[in-house]
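Have a look at the structure below, then the notes.
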Amino acid sequence: MPTSVLFRRPLALRTMQTYLQRQSLATAYTEFRTYQGRSCCHLSKTPSQKASRHQHSCAAQSAAGVVTEPATSPVSSQTQPPAAARRKRVLSGVQPTGTLHLGNYLGAIRNWVNLQELYETYFCVVDLHAITLPHEPKALLESTRKSAATYIACGIDPEKANIFVQSHVSAHAELAWLLSCATPIGWLRKMVQFKEKSQTRGAEEVSTGLLTYPVLMAADILLYQTDVVPVGNDQMQHLELTRDIAERMNTKYGGSKWKKLGGRGGRIFKVPDAFIAPVGARIMSLTEGTSKMSKSAELDASRINLLDDPKLIQQKVKRAKTDTFEGLEFGNPERPEATNLLGIYSLCTGISMDALLDEVRDMRWGQFKSNLADAIVAHLEPIQQTYHDVIADKTYLDQVLAKGAEEANKTANFTLENCRQAMGFTPKYGDRQ
């Protein structure tokens with residue numbers, strides 16, 4: 001598929017982009033996180049104290065390989081590269097297991113919409129990761145396309161970002177094997193998610209892929225010489241593993257060793273930093289306010305799926321777990337469900353938390369839940385409209401994924417060949433001079 005494909009954008013997609021442009025949601029996000037920090041961490045309000053705290057935080061995060069970006073400009077004026085240099089590169093993806101839900105959207109995908117304006121972005125549907133646990137082939141086939149269509153419906157623009165399916169770039173699997181052979185198994189056994197899932201299912205029931213998939217995740221990131229990776233707290237351990245693997249490969253095979261084999265020398269992989277979005281949100285389960293909203297949770301009632309119809313959304317919100325305290329408040333650790341539901345309302349409406357609390361402080365749960373359901377339905381309506389338009393246009397979606405895979409393959413194969421050369425593999429016959 002040539003890269004000059006002219007996309008015939010569905011009408012609903014143009015409608016969705018106009019809708020997003022009219023929203024002042026970044027303000028709500030920032031205020032939500034600021035209010036959350038003020039409520040739970042008791043941050044100082046004086047300018048001098050804020051400056052001191054910010055300097056200390058930045059120094060600590062820099063040492064840990066964490067990038068915290070300002071809401072208005074992810075690249076500071078002091079570090080912004082010249083106009084001729086390539087923009088910093090971002091890669092992220094979501095597994096096509098189950099249905100994408102409100103937590104995926106508010107916590108990750110909606111941040112991607114802002115990133116595509118400021119970075120060179122690669123957003124993939126990570127279908128290879130989806131088979132580490134038992135799966136239904138037909139369901140995987142359907143959910144892969146649905147996930148890609150949902151990316152577009154949520155505002156990812158195929159003309160600004162590369163949207164592709166992970167398995168359409170074979171370099172992911174090959175590099176994962178090369179990295180696996182240089183990664184100590186002790187590193188993988190320390191991964192918290194493997195420990196938890198293997199204990200739940202039993203050692204004889206879990207696949208080797210469940211142990212090694214963090215190496216595949218490292219390959220996903222390193223293939224694109226990624227500068228920053230959007231991650232939540234639950235993925236930080238995996239990103240640290242990626243950084244360790246990159247440094248190990250650079251030390252073991254890069255530099256003068258690579259140059260002596262006829263390569264350019266230097267480092268093989270860029271060591272990526274974590275991207276901690278200032279407008280992120282951690283959306284919790286509707287049935288348990290201390291657990292993250294998850295696609296893998298057994299109870300469908302625990303999450304709002306992005307494609308749930310209005311009636312089902314109203315039912316789920318109505319049955320959401322609450323508490324017996326009088327009034328509504330945000331940030332009280334004894335009231336996680338109240339904090340979660342108020343946060344969702346603020347993010348879906350764009351209303352600041354202070355203004356929201358003034359409005360609902362003395363409101364009863366029944367009335368608030370009705371308002372919350374209406375807010376979620378209204379917010380998801382244009383996304384659902386665009387999704388149905390995109391998924392119905394098979395030719396358009398195929399073009400988007402083909403173009404994304406073509407661009408991804410160019411970058412990924414270049415990195416892979418450098419790694420193969422540095423490790424001493426015979427060049428492919430078609431690549432010989």
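In the structure tokens, chains take the letters A, B, ... in the order shown, each chain's residues start at 1, and ligands count up from 1 in the order shown.
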(Q) I'd like to know which residues of range 107-232 of chain A are strand (DSSP E or B) (by DSSP, run on the backbone); could you write them as number ranges by chain? (A) A: 120-125, 161-165, 228-230
Give me the residues of range 194-308 of chain A that have any atom at most 10 Å from an atom of range 318-330 of chain A; for each, the nearest atom pair and the distance in Å, rounded to one decimal. Use only C-alpha atoms, sort by chain and number, and format it as a Markdown table.
```
| residue | atom | partner | partner_atom | distance |
| --- | --- | --- | --- | --- |
| A:Ser285 | CA | A:Ala320 | CA | 8.7 |
| A:Leu286 | CA | A:Ala320 | CA | 4.9 |
| A:Thr287 | CA | A:Lys321 | CA | 5.1 |
| A:Glu288 | CA | A:Lys321 | CA | 6.7 |
| A:Gly289 | CA | A:Lys321 | CA | 7.7 |
| A:Ala301 | CA | A:Ala320 | CA | 7.9 |
| A:Ser302 | CA | A:Ala320 | CA | 7.8 |
| A:Arg303 | CA | A:Ala320 | CA | 9.4 |
```
Grab the residues selected above and save them as a CSV table (one decimal), in the first residue's frame with N, CA and C atoms.
```csv
chain,number,residue,atom,x,y,z
A,285,SER,N,-12.8,0.4,39.4
A,285,SER,CA,-14.0,-0.4,39.2
A,285,SER,C,-15.2,0.2,39.8
A,286,LEU,N,-16.4,-0.1,39.1
A,286,LEU,CA,-17.7,0.4,39.6
A,286,LEU,C,-18.1,-0.5,40.8
A,287,THR,N,-17.6,-1.7,40.9
A,287,THR,CA,-18.0,-2.6,42.0
A,287,THR,C,-17.0,-2.6,43.2
A,288,GLU,N,-15.9,-2.1,43.0
A,288,GLU,CA,-14.9,-2.0,44.1
A,288,GLU,C,-13.9,-0.9,43.8
A,289,GLY,N,-14.1,0.2,44.6
A,289,GLY,CA,-13.4,1.4,44.4
A,289,GLY,C,-11.9,1.4,44.6
A,301,ALA,N,-20.3,-5.7,35.0
A,301,ALA,CA,-20.9,-4.5,35.7
A,301,ALA,C,-19.8,-3.7,36.3
A,302,SER,N,-18.6,-4.2,36.4
A,302,SER,CA,-17.5,-3.4,37.0
A,302,SER,C,-16.9,-2.3,36.2
A,303,ARG,N,-17.3,-2.3,34.9
A,303,ARG,CA,-16.7,-1.3,33.9
A,303,ARG,C,-17.8,-0.7,33.0
```
List as an mmCIF file with C-alpha atoms, in the first residue's frame the protein and nucleic acid residues near Tyr213 in chain A, meaning an atom at most 10 Å away when only C-alpha atoms are counted, but skip any in the same chain fewer than 5 places from it.
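Contents of the output file selection_3.cif:
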```
data_model
loop_
_atom_site.group_PDB
_atom_site.id
_atom_site.type_symbol
_atom_site.label_atom_id
_atom_site.label_comp_id
_atom_site.auth_asym_id
_atom_site.auth_seq_id
_atom_site.Cartn_x
_atom_site.Cartn_y
_atom_site.Cartn_z
ATOM 1 C CA LEU A 128 0.681 -10.812 20.086
ATOM 2 C CA HIS A 129 0.338 -9.927 23.762
ATOM 3 C CA ALA A 130 -3.286 -11.051 23.696
ATOM 4 C CA ILE A 131 -2.395 -14.748 23.314
ATOM 5 C CA THR A 132 -0.342 -15.130 26.503
ATOM 6 C CA ALA A 176 11.799 -10.405 21.056
ATOM 7 C CA SER A 180 15.248 -13.052 25.156
ATOM 8 C CA LEU A 188 11.605 -12.058 34.351
ATOM 9 C CA PHE A 194 3.739 -12.952 36.260
ATOM 10 C CA THR A 208 5.853 -19.578 28.658
ATOM 11 C CA ALA A 218 10.701 -4.335 25.349
ATOM 12 C CA ALA A 219 11.021 -5.264 21.667
ATOM 13 C CA HIS A 238 8.102 -3.427 32.721
#
```
Q: Excluding Thr121 in chain A and residues on its chain fewer than 5 positions from it, collect all residues at most 12 Å away from it, counting only C-alpha atoms, and give them as a ChimeraX atom specification.
A: /A:86-93,111-116,156-164,221,224-230,404,407-408
Output file for the residues above (C-alpha atoms, as a compact mmCIF listing (two decimals), in the first residue's frame):
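result04.txt written:
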```
# COMPACT_ATOMS: atom_id res chain seq x y z
CA ARG A 86 12.88 14.66 14.05
CA ARG A 87 10.29 15.03 16.73
CA LYS A 88 10.59 12.84 19.80
CA ARG A 89 8.98 9.47 19.30
CA VAL A 90 6.19 7.87 21.34
CA LEU A 91 4.87 4.32 21.21
CA SER A 92 1.90 2.86 23.03
CA GLY A 93 -0.73 0.19 22.57
CA ASN A 111 -3.88 11.40 26.27
CA TRP A 112 -2.68 9.96 22.94
CA VAL A 113 -4.83 12.50 21.12
CA ASN A 114 -2.71 15.29 22.60
CA LEU A 115 0.57 13.41 22.04
CA GLN A 116 -0.03 13.02 18.30
CA ILE A 156 -6.41 9.36 16.90
CA ASP A 157 -5.89 10.85 13.43
CA PRO A 158 -4.36 8.40 10.88
CA GLU A 159 -2.82 11.34 9.05
CA LYS A 160 -0.91 12.39 12.19
CA ALA A 161 -0.22 9.05 13.91
CA ASN A 162 0.75 5.58 12.73
CA ILE A 163 -1.99 3.10 13.68
CA PHE A 164 -1.11 -0.53 13.06
CA ILE A 221 9.45 -0.16 22.42
CA TYR A 224 11.15 2.32 17.15
CA GLN A 225 14.00 3.99 19.05
CA THR A 226 11.25 5.33 21.28
CA ASP A 227 12.04 8.42 23.35
CA VAL A 228 9.16 8.29 25.80
CA VAL A 229 6.54 5.69 26.68
CA PRO A 230 3.18 6.61 28.29
CA GLY A 404 0.44 2.37 9.55
CA GLU A 407 5.55 3.11 8.09
CA ALA A 408 6.12 0.97 11.19
```
Q | Which of range 92-142 of chain A DSSP labels alpha helix (DSSP H), written as a list in words | A | Leu102, Gly103, Asn104, Arg110, Asn111, Trp112, Val113, Asn114, Leu115, Gln116, Glu117, Leu118, Pro137, Lys138, Ala139, Leu140, Leu141 and Glu142 of chain A
May I have a table of the residues of range 259-349 of chain A lying at most 12 Å from range 412-418 of chain A, giving each one's closest pair of atoms and their distance in Å to one decimal, counting only C-alpha atoms, ordered by chain and ascending residue number, as a tab-separated table?
```
residue	atom	partner	partner_atom	distance
A:Lys259	CA	A:Asn418	CA	10.9
A:Leu261	CA	A:Asn418	CA	11.0
A:Gly262	CA	A:Asn418	CA	10.6
A:Gly263	CA	A:Asn418	CA	7.6
A:Arg264	CA	A:Asn418	CA	8.8
A:Gly265	CA	A:Asn418	CA	9.6
A:Gly266	CA	A:Asn418	CA	10.9
A:Arg267	CA	A:Asn418	CA	9.9
A:Ile268	CA	A:Asn418	CA	6.8
A:Phe269	CA	A:Thr415	CA	7.9
A:Lys270	CA	A:Thr415	CA	10.3
```
Those residues you just picked out, can you put them in a file as a PDB file, in the first residue's frame with N, CA and C atoms?
```pdb
ATOM      1  N   LYS A 259      31.220  -1.898  15.630  1.00  0.00           N
ATOM      2  CA  LYS A 259      31.970  -1.236  14.562  1.00  0.00           C
ATOM      3  C   LYS A 259      32.963  -2.191  13.912  1.00  0.00           C
ATOM      4  N   LEU A 261      32.554  -5.175  13.341  1.00  0.00           N
ATOM      5  CA  LEU A 261      31.814  -6.077  12.460  1.00  0.00           C
ATOM      6  C   LEU A 261      31.319  -5.373  11.202  1.00  0.00           C
ATOM      7  N   GLY A 262      31.720  -4.112  11.052  1.00  0.00           N
ATOM      8  CA  GLY A 262      31.315  -3.352   9.872  1.00  0.00           C
ATOM      9  C   GLY A 262      30.132  -2.438  10.104  1.00  0.00           C
ATOM     10  N   GLY A 263      29.646  -2.357  11.351  1.00  0.00           N
ATOM     11  CA  GLY A 263      28.514  -1.486  11.661  1.00  0.00           C
ATOM     12  C   GLY A 263      28.955  -0.075  11.973  1.00  0.00           C
ATOM     13  N   ARG A 264      27.999   0.757  12.292  1.00  0.00           N
ATOM     14  CA  ARG A 264      28.305   2.159  12.571  1.00  0.00           C
ATOM     15  C   ARG A 264      28.841   2.361  13.975  1.00  0.00           C
ATOM     16  N   GLY A 265      28.682   1.354  14.838  1.00  0.00           N
ATOM     17  CA  GLY A 265      29.140   1.500  16.214  1.00  0.00           C
ATOM     18  C   GLY A 265      28.172   2.326  17.035  1.00  0.00           C
ATOM     19  N   GLY A 266      28.536   2.578  18.275  1.00  0.00           N
ATOM     20  CA  GLY A 266      27.650   3.329  19.167  1.00  0.00           C
ATOM     21  C   GLY A 266      26.580   2.439  19.759  1.00  0.00           C
ATOM     22  N   ARG A 267      25.530   3.060  20.246  1.00  0.00           N
ATOM     23  CA  ARG A 267      24.470   2.271  20.886  1.00  0.00           C
ATOM     24  C   ARG A 267      23.510   1.707  19.846  1.00  0.00           C
ATOM     25  N   ILE A 268      23.012   0.538  20.115  1.00  0.00           N
ATOM     26  CA  ILE A 268      22.061  -0.111  19.212  1.00  0.00           C
ATOM     27  C   ILE A 268      20.659   0.435  19.459  1.00  0.00           C
ATOM     28  N   PHE A 269      20.327   0.595  20.734  1.00  0.00           N
ATOM     29  CA  PHE A 269      18.979   1.020  21.113  1.00  0.00           C
ATOM     30  C   PHE A 269      19.021   2.296  21.947  1.00  0.00           C
ATOM     31  N   LYS A 270      18.031   3.112  21.744  1.00  0.00           N
ATOM     32  CA  LYS A 270      17.829   4.262  22.620  1.00  0.00           C
ATOM     33  C   LYS A 270      17.191   3.761  23.910  1.00  0.00           C
TER      34      LYS A 270
END
```
**Q.** Of the listed residues A:Met236, A:Leu342, A:Val271, A:Met217, that which approaches Trp177 in chain A most closely, counting only C-alpha atoms
**A.** A:Met217
Q | Contact residues around Lys369 in chain A with only C-alpha atoms at 9 Å, ignoring same-chain residues under 5 positions, as a PyMOL selection string | A | chain A and resi 314+317-318+320+341+364+374
